[in-house]
Amino acid sequence: MFMKRGSTWFLRGVIVLMGLVALAVCIFALPPIARGAAIEYPIIAPVWLYLFIGGLYLSVIPFFVALLQGMKLLHYIDTNTSFSPVSLKALRIIKFSGIAISICYAAGIPYLFYVADFDDAPGLILLSVAFACVPLVVATFATVLQKLFQSALEIKSENDLTV
């Protein structure tokens with residue numbers, strides 16, 4: 001019992017830490033980066049830069065939604081209701097959040113392609129594609145878990161009807 005609770009509390013701490021890091025990046029890192037890039041690259045249209053930064057800020061919304069759903073999922077595990085329709089709903093929301101984050105990042109790739117071409121940094125394209133694909137991996141994992149939970153829920157309901 002303690003081991004199970006201890007691991008969920010550890011995962012909750014990791015989720016809170018991830019949220020705090022994302023919040024700190026949004027508050028303290030992105031504004032100076034935007035100002036510095038606008039000054040360093042005046043040839044590149046600042047409007048595109050601000051749209052890119054806006055896309056990064058926009059991607060934080062589904063990120064925090066996914067973190068909240070992860071916290072709910074850990075609560076369901078603690079209360080022994082992990083194989084329930086609410087868990088399936090949480091996993092579905094995590095899946096769609098991962099897809100939304102990936103779309104936000106993929107929308108910024110053309111801007112980064114232009115910056116990489118201007119600055120002669122081909123590694124920037126590879127890095128941006130990797131950042132766009134990581135949320136898709138999370139969404140795929142959430143889909144697999146959703147299917148696993150769905151089949152376990154069906155088996156559980158069949159067993160409840162048998163007894």
# chains A, B, ... in the order shown; residues from 1 in each chain; ligands from 1
$ closest_atom_pairs --of "stretch 73-120 of chain A" --to "stretch 136-145 of chain A" --cutoff "9 Å" --atoms "only C-alpha atoms" --output "Markdown table"
| residue | atom | partner | partner_atom | distance |
| --- | --- | --- | --- | --- |
| A:Leu88 | CA | A:Leu145 | CA | 8.7 |
| A:Leu91 | CA | A:Ala142 | CA | 5.7 |
| A:Arg92 | CA | A:Thr143 | CA | 7.2 |
| A:Ile94 | CA | A:Ala142 | CA | 6.6 |
| A:Lys95 | CA | A:Ala139 | CA | 4.2 |
| A:Phe96 | CA | A:Ala139 | CA | 6.9 |
| A:Ser97 | CA | A:Ala139 | CA | 7.6 |
| A:Gly98 | CA | A:Ala139 | CA | 5.0 |
| A:Ile99 | CA | A:Leu136 | CA | 5.9 |
| A:Ile101 | CA | A:Leu136 | CA | 8.4 |
| A:Ser102 | CA | A:Leu136 | CA | 6.3 |
$ write_last_selection --atoms "N, CA, C and O atoms" --output "mmCIF file, in the first residue's frame"
data_model
loop_
_atom_site.group_PDB
_atom_site.id
_atom_site.type_symbol
_atom_site.label_atom_id
_atom_site.label_comp_id
_atom_site.auth_asym_id
_atom_site.auth_seq_id
_atom_site.Cartn_x
_atom_site.Cartn_y
_atom_site.Cartn_z
ATOM 1 N N LEU A 88 -10.582 6.566 -18.724
ATOM 2 C CA LEU A 88 -10.537 6.577 -20.186
ATOM 3 C C LEU A 88 -10.679 7.985 -20.727
ATOM 4 O O LEU A 88 -10.008 8.374 -21.681
ATOM 5 N N LEU A 91 -7.373 9.830 -20.221
ATOM 6 C CA LEU A 91 -6.379 9.412 -21.212
ATOM 7 C C LEU A 91 -6.699 9.975 -22.589
ATOM 8 O O LEU A 91 -5.788 10.349 -23.345
ATOM 9 N N ARG A 92 -7.981 10.058 -22.921
ATOM 10 C CA ARG A 92 -8.373 10.642 -24.218
ATOM 11 C C ARG A 92 -7.997 12.121 -24.269
ATOM 12 O O ARG A 92 -7.482 12.608 -25.285
ATOM 13 N N ILE A 94 -5.559 13.547 -22.571
ATOM 14 C CA ILE A 94 -4.100 13.602 -22.664
ATOM 15 C C ILE A 94 -3.664 13.370 -24.106
ATOM 16 O O ILE A 94 -2.757 14.041 -24.618
ATOM 17 N N LYS A 95 -4.321 12.423 -24.775
ATOM 18 C CA LYS A 95 -3.985 12.132 -26.177
ATOM 19 C C LYS A 95 -4.224 13.358 -27.051
ATOM 20 O O LYS A 95 -3.351 13.759 -27.829
ATOM 21 N N PHE A 96 -5.383 13.991 -26.908
ATOM 22 C CA PHE A 96 -5.679 15.160 -27.731
ATOM 23 C C PHE A 96 -4.806 16.353 -27.354
ATOM 24 O O PHE A 96 -4.474 17.177 -28.218
ATOM 25 N N SER A 97 -4.414 16.455 -26.105
ATOM 26 C CA SER A 97 -3.494 17.524 -25.706
ATOM 27 C C SER A 97 -2.133 17.342 -26.360
ATOM 28 O O SER A 97 -1.521 18.304 -26.823
ATOM 29 N N GLY A 98 -1.648 16.108 -26.399
ATOM 30 C CA GLY A 98 -0.370 15.832 -27.070
ATOM 31 C C GLY A 98 -0.430 16.168 -28.547
ATOM 32 O O GLY A 98 0.513 16.727 -29.099
ATOM 33 N N ILE A 99 -1.548 15.842 -29.183
ATOM 34 C CA ILE A 99 -1.703 16.166 -30.605
ATOM 35 C C ILE A 99 -1.740 17.679 -30.800
ATOM 36 O O ILE A 99 -1.126 18.213 -31.731
ATOM 37 N N ILE A 101 -0.380 20.011 -28.885
ATOM 38 C CA ILE A 101 0.966 20.551 -28.674
ATOM 39 C C ILE A 101 1.824 20.314 -29.912
ATOM 40 O O ILE A 101 2.555 21.206 -30.364
ATOM 41 N N SER A 102 1.725 19.129 -30.473
ATOM 42 C CA SER A 102 2.504 18.810 -31.661
ATOM 43 C C SER A 102 2.115 19.701 -32.839
ATOM 44 O O SER A 102 2.986 20.142 -33.601
#
$ closest_residue --among "A:Leu49, A:Ile61, A:Ala24, A:Ala66" --to "A:Val115" --atoms "only C-alpha atoms"
A:Leu49
$ closest_residue --among "A:Cys133, A:Leu68, A:Leu124, A:Ile33" --to "A:Tyr105" --atoms "only C-alpha atoms"
A:Cys133
$ closest_residue --among "A:Tyr76, A:Leu112, A:Phe63, A:Leu58" --to "A:Leu20" --atoms "only C-alpha atoms"
A:Phe63
$ residues_around --residues "stretch 130-132 of chain A" --least-positions-apart "2" --cutoff "9 Å" --atoms "only C-alpha atoms" --output "number ranges by chain"
A: 101-106, 109, 125-128, 134-136
$ atom_distance --atom1 "atom CA of A:Pro85" --atom2 "atom CA of A:Met71"
16.0 Å
$ closest_residue --among "A:Trp48, A:Ala100, A:Tyr57, A:Ile77" --to "A:Tyr114" --atoms "only C-alpha atoms"
A:Trp48
$ atom_distance --atom1 "atom CA of A:Val129" --atom2 "atom CA of A:Tyr111"
12.3 Å
